[in-house]
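J.: I'd like to ask you about the structure that follows.
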Amino acid sequence: MYRFLLSRQWVILTLVALVLIPTMIELGFWQFHRHQSRVAQNALIADNLQAKPLPVEELTSPGHTVPRADYWRQVTATGTFDTAHEVVVRRRTSSDDQVGVHVLTPLVLRDGKVVLVNRGWVPAAADQHSYPPVPPAPKGEVTVTGRLEADETTGASGIKDLKGLPDRQVMLISSKQQAELIGREVLGGYLELTAPEPAGDSPEMIPEPDHDSIGPHMAYAVQWWLFAAGVPVGWVILVRREKRDREAQAASDASGSPEPDTTGAQATASR
């Protein structure tokens with residue numbers, strides 16, 4: 001009664017099931033690894049935000065690529081803001097998802113080197129060609145605290161570095177790019193300002209990254225694994241149903257067949 005499994009329909013169905021099982025298992029592990037990465041990132045963010053601030057030059061230098069282990073690390077820097085070389089970073093959103101710009105102001109350190117400081121978000125100008133109104137940076141020597149971030153790239157951010165932009169407007173925060181514009185040595189990466197807070201709450205300071213949510217990846221992993229477990233169960237159910245239907249059909253055919261006609265044979269025997 002199981003010879004039907006050799007039919008073309010059932011061979012194809014079985015092959016599809018055999019492909020789906022490892023595929024769903026692999027998708028489950030992919031989501032599980034994403035869950036693990038999110039948990040590890042949350043731990044890194046929390047640890048670096050809680051760590052004692054260090055002087056920025058202990059963690060970066062001109063041409064340095066900030067490693068992931070130092071992302072969001074609290075650092076301090078003392079110097080004077082160079083507002084003449086201040087730029088805005090286009091297409092950035094505020095905490096309530098309004099599109100505007102980030103204000104990127106170079107801070108000239110005592111030794112003449114520069115560190116870029118992202119002072120926060122302000123609304124964009126009425127047209128994309130104008131420089132928006134930006135609250136002035138503090139004058140004189142200041143000590144700032146901020147979260148250390150790596151230079152932005154198109155590959156990591158998905159933001160294209162457009163050319164031909166209006167003066168003092170950029171798409172990405174790049175220490176190398178700004179070093180060429182400023183004509184000074186610029187420390188790798190940049191700071192997201194956390195202190196001192198700006199007067200009048202403008203620019204709007206960038207909130208610290210979320211490190212509480214773990215996302216839905218673990219739930220997705222469990223779902224994929226349940227789907228993988230359900231494939232063989234479903235296959236067995238279909239096989240048993242097919243066998244039962246065929247047995248019922250065979251029994252129906254047997255009970256409905258006409259009995260052989262023996263009238264002629266009986267008449268011949270009576271003679």
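All residue names refer to the structure tokens as shown: chains lettered A, B, ... in order, residues numbered from 1 in each chain, ligands numbered from 1 in order.
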Please identify all polymer residues within 10 Å of Gln36 in chain A, counting only C-alpha atoms, omitting same-chain residues fewer than 4 positions from it, and present them as a list in words.
T.: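 Once the adjacent positions are removed, what remains is Trp30, Gln31, Phe32, Ala40, Gln41, Asn42, Ile214, His217 and Met218 of chain A.
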J.: Extract, using only C-alpha atoms, all DNA, RNA and protein residues at most 9 Å from Met171 in chain A, discarding same-chain residues fewer than 3 positions from it, and format them as a VMD selection string.
T.: chain A and resid 88 to 91 159 to 163 165
J.: For Glu57 in chain A, work out the shell of residues within 10 Å, counting only C-alpha atoms and skipping chain neighbours fewer than 3 positions away, then give it as number ranges by chain.
T.: A: 54, 60-62, 75-77, 109, 113, 115, 187-188
J.: With C-alpha atoms retained, write the just-selected residues as an mmCIF file, in the first residue's frame.
T.:
```
data_model
loop_
_atom_site.group_PDB
_atom_site.id
_atom_site.type_symbol
_atom_site.label_atom_id
_atom_site.label_comp_id
_atom_site.auth_asym_id
_atom_site.auth_seq_id
_atom_site.Cartn_x
_atom_site.Cartn_y
_atom_site.Cartn_z
ATOM 1 C CA LEU A 54 39.348 58.772 29.120
ATOM 2 C CA THR A 60 42.513 57.447 18.883
ATOM 3 C CA SER A 61 45.042 59.338 16.778
ATOM 4 C CA PRO A 62 45.282 60.808 13.263
ATOM 5 C CA VAL A 75 36.033 60.287 26.237
ATOM 6 C CA THR A 76 36.975 63.850 27.075
ATOM 7 C CA ALA A 77 38.692 66.524 25.016
ATOM 8 C CA LEU A 109 43.181 70.545 20.931
ATOM 9 C CA LYS A 113 45.410 68.350 16.494
ATOM 10 C CA VAL A 115 38.847 66.032 16.942
ATOM 11 C CA LEU A 187 41.956 62.229 15.089
ATOM 12 C CA GLY A 188 40.262 59.153 13.664
#
```
J.: Using only C-alpha atoms, which protein or nucleic acid residues come within 10 Å of Asn118 in chain A? Drop anything in the same chain fewer than 2 positions from it, and give the result as a list of chain:residue names.
T.: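 With the cut-off at 10 Å, the set is A:Val87, A:Val88, A:Val89, A:His102, A:Val103, A:Leu104, A:Thr105, A:Pro106, A:Val115, A:Leu116, A:Gly120, A:Trp121, A:Gly146, A:Arg147, A:Glu149, A:Ile173, A:Tyr190, A:Leu191, A:Glu192, A:Leu193, A:Thr194, A:Pro203, A:Met205, A:Ile206.
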J.: Taking the chain letters and numbering used in this document, name the residues of range 107-168 of chain A that DSSP puts in strand (DSSP E), as a ChimeraX atom specification.
T.: /A:107-109,114-123,141-149
J.: Find, counting only C-alpha atoms, the residue in A:Thr78, A:Thr83, A:Gln9, A:Ser37 that gets nearest to Pro136 in chain A.
T.: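 Checking each candidate against Pro136 in chain A, we get A:Thr83 as the closest.
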J.: Choose the residue, out of A:Leu18, A:Leu27, A:Val11, A:Val186, that has the smallest atom-to-atom separation from Val222 in chain A; count only C-alpha atoms.
T.: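 Using only C-alpha atoms, the shortest distance to Val222 in chain A belongs to A:Leu27.
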J.: Fewer than 4 positions away in the same chain doesn't count, so skip those; otherwise give me all residues within 9 Å of Ser174 in chain A, counting only C-alpha atoms, as a compact mmCIF listing (two decimals) with all heavy atoms, in the first residue's frame.
T.:
```txt
# COMPACT_ATOMS: atom_id res chain seq x y z
N LEU A 116 36.79 65.80 15.72
CA LEU A 116 35.47 66.22 15.25
C LEU A 116 34.43 65.97 16.35
O LEU A 116 34.41 64.90 16.95
CB LEU A 116 35.09 65.46 13.98
CG LEU A 116 36.06 65.60 12.80
CD1 LEU A 116 35.60 64.71 11.65
CD2 LEU A 116 36.15 67.06 12.36
N ALA A 150 33.22 55.56 15.30
CA ALA A 150 34.11 55.35 14.16
C ALA A 150 33.68 56.23 12.99
O ALA A 150 32.52 56.65 12.90
CB ALA A 150 34.09 53.88 13.75
N ASP A 151 34.61 56.51 12.10
CA ASP A 151 34.26 57.24 10.87
C ASP A 151 33.16 56.50 10.13
O ASP A 151 33.14 55.27 10.08
CB ASP A 151 35.49 57.36 9.96
CG ASP A 151 36.51 58.36 10.49
OD1 ASP A 151 36.10 59.37 11.06
OD2 ASP A 151 37.72 58.11 10.32
N GLU A 152 32.26 57.25 9.53
CA GLU A 152 31.17 56.65 8.77
C GLU A 152 31.64 56.28 7.37
O GLU A 152 32.43 57.00 6.75
CB GLU A 152 29.98 57.61 8.68
CG GLU A 152 29.36 57.93 10.05
CD GLU A 152 28.22 58.91 9.93
OE1 GLU A 152 28.12 59.60 8.91
OE2 GLU A 152 27.41 59.00 10.88
N THR A 153 31.13 55.18 6.86
CA THR A 153 31.41 54.75 5.49
C THR A 153 30.09 54.38 4.82
O THR A 153 29.10 54.07 5.49
CB THR A 153 32.35 53.54 5.45
OG1 THR A 153 31.70 52.42 6.10
CG2 THR A 153 33.65 53.84 6.19
N GLN A 178 37.58 65.48 6.43
CA GLN A 178 37.66 66.78 7.11
C GLN A 178 39.11 67.24 7.28
O GLN A 178 39.38 68.44 7.27
CB GLN A 178 36.96 66.70 8.46
CG GLN A 178 35.45 66.52 8.36
CD GLN A 178 34.79 67.60 7.52
OE1 GLN A 178 35.01 68.79 7.75
NE2 GLN A 178 33.99 67.19 6.55
N ALA A 179 40.04 66.31 7.42
CA ALA A 179 41.45 66.69 7.53
C ALA A 179 41.91 67.40 6.26
O ALA A 179 42.68 68.37 6.32
CB ALA A 179 42.30 65.46 7.79
N GLY A 188 41.20 60.07 14.28
CA GLY A 188 40.26 59.15 13.66
C GLY A 188 38.98 59.04 14.46
O GLY A 188 38.98 59.05 15.69
N GLY A 189 37.84 58.93 13.74
CA GLY A 189 36.55 58.86 14.41
C GLY A 189 36.04 60.25 14.77
O GLY A 189 36.54 61.27 14.28
N TYR A 190 35.06 60.28 15.65
CA TYR A 190 34.50 61.56 16.10
C TYR A 190 33.78 61.35 17.43
O TYR A 190 33.60 60.20 17.87
CB TYR A 190 33.53 62.12 15.06
CG TYR A 190 32.28 61.30 14.84
CD1 TYR A 190 31.08 61.60 15.47
CD2 TYR A 190 32.30 60.19 13.99
CE1 TYR A 190 29.94 60.85 15.27
CE2 TYR A 190 31.16 59.43 13.77
CZ TYR A 190 29.99 59.76 14.41
OH TYR A 190 28.86 59.00 14.21
```
J.: Hey, which of A:Pro209, A:Leu226, A:Trp72, A:Asp245 ends up closest to Ile21 in chain A? Count only C-alpha atoms.
T.: A:Leu226
J.: Can you list, as a ChimeraX atom specification, every residue of range 28-143 of chain A that DSSP puts in helix (DSSP H, G or I)?
T.: /A:28-50,56-58,68-70,83-85
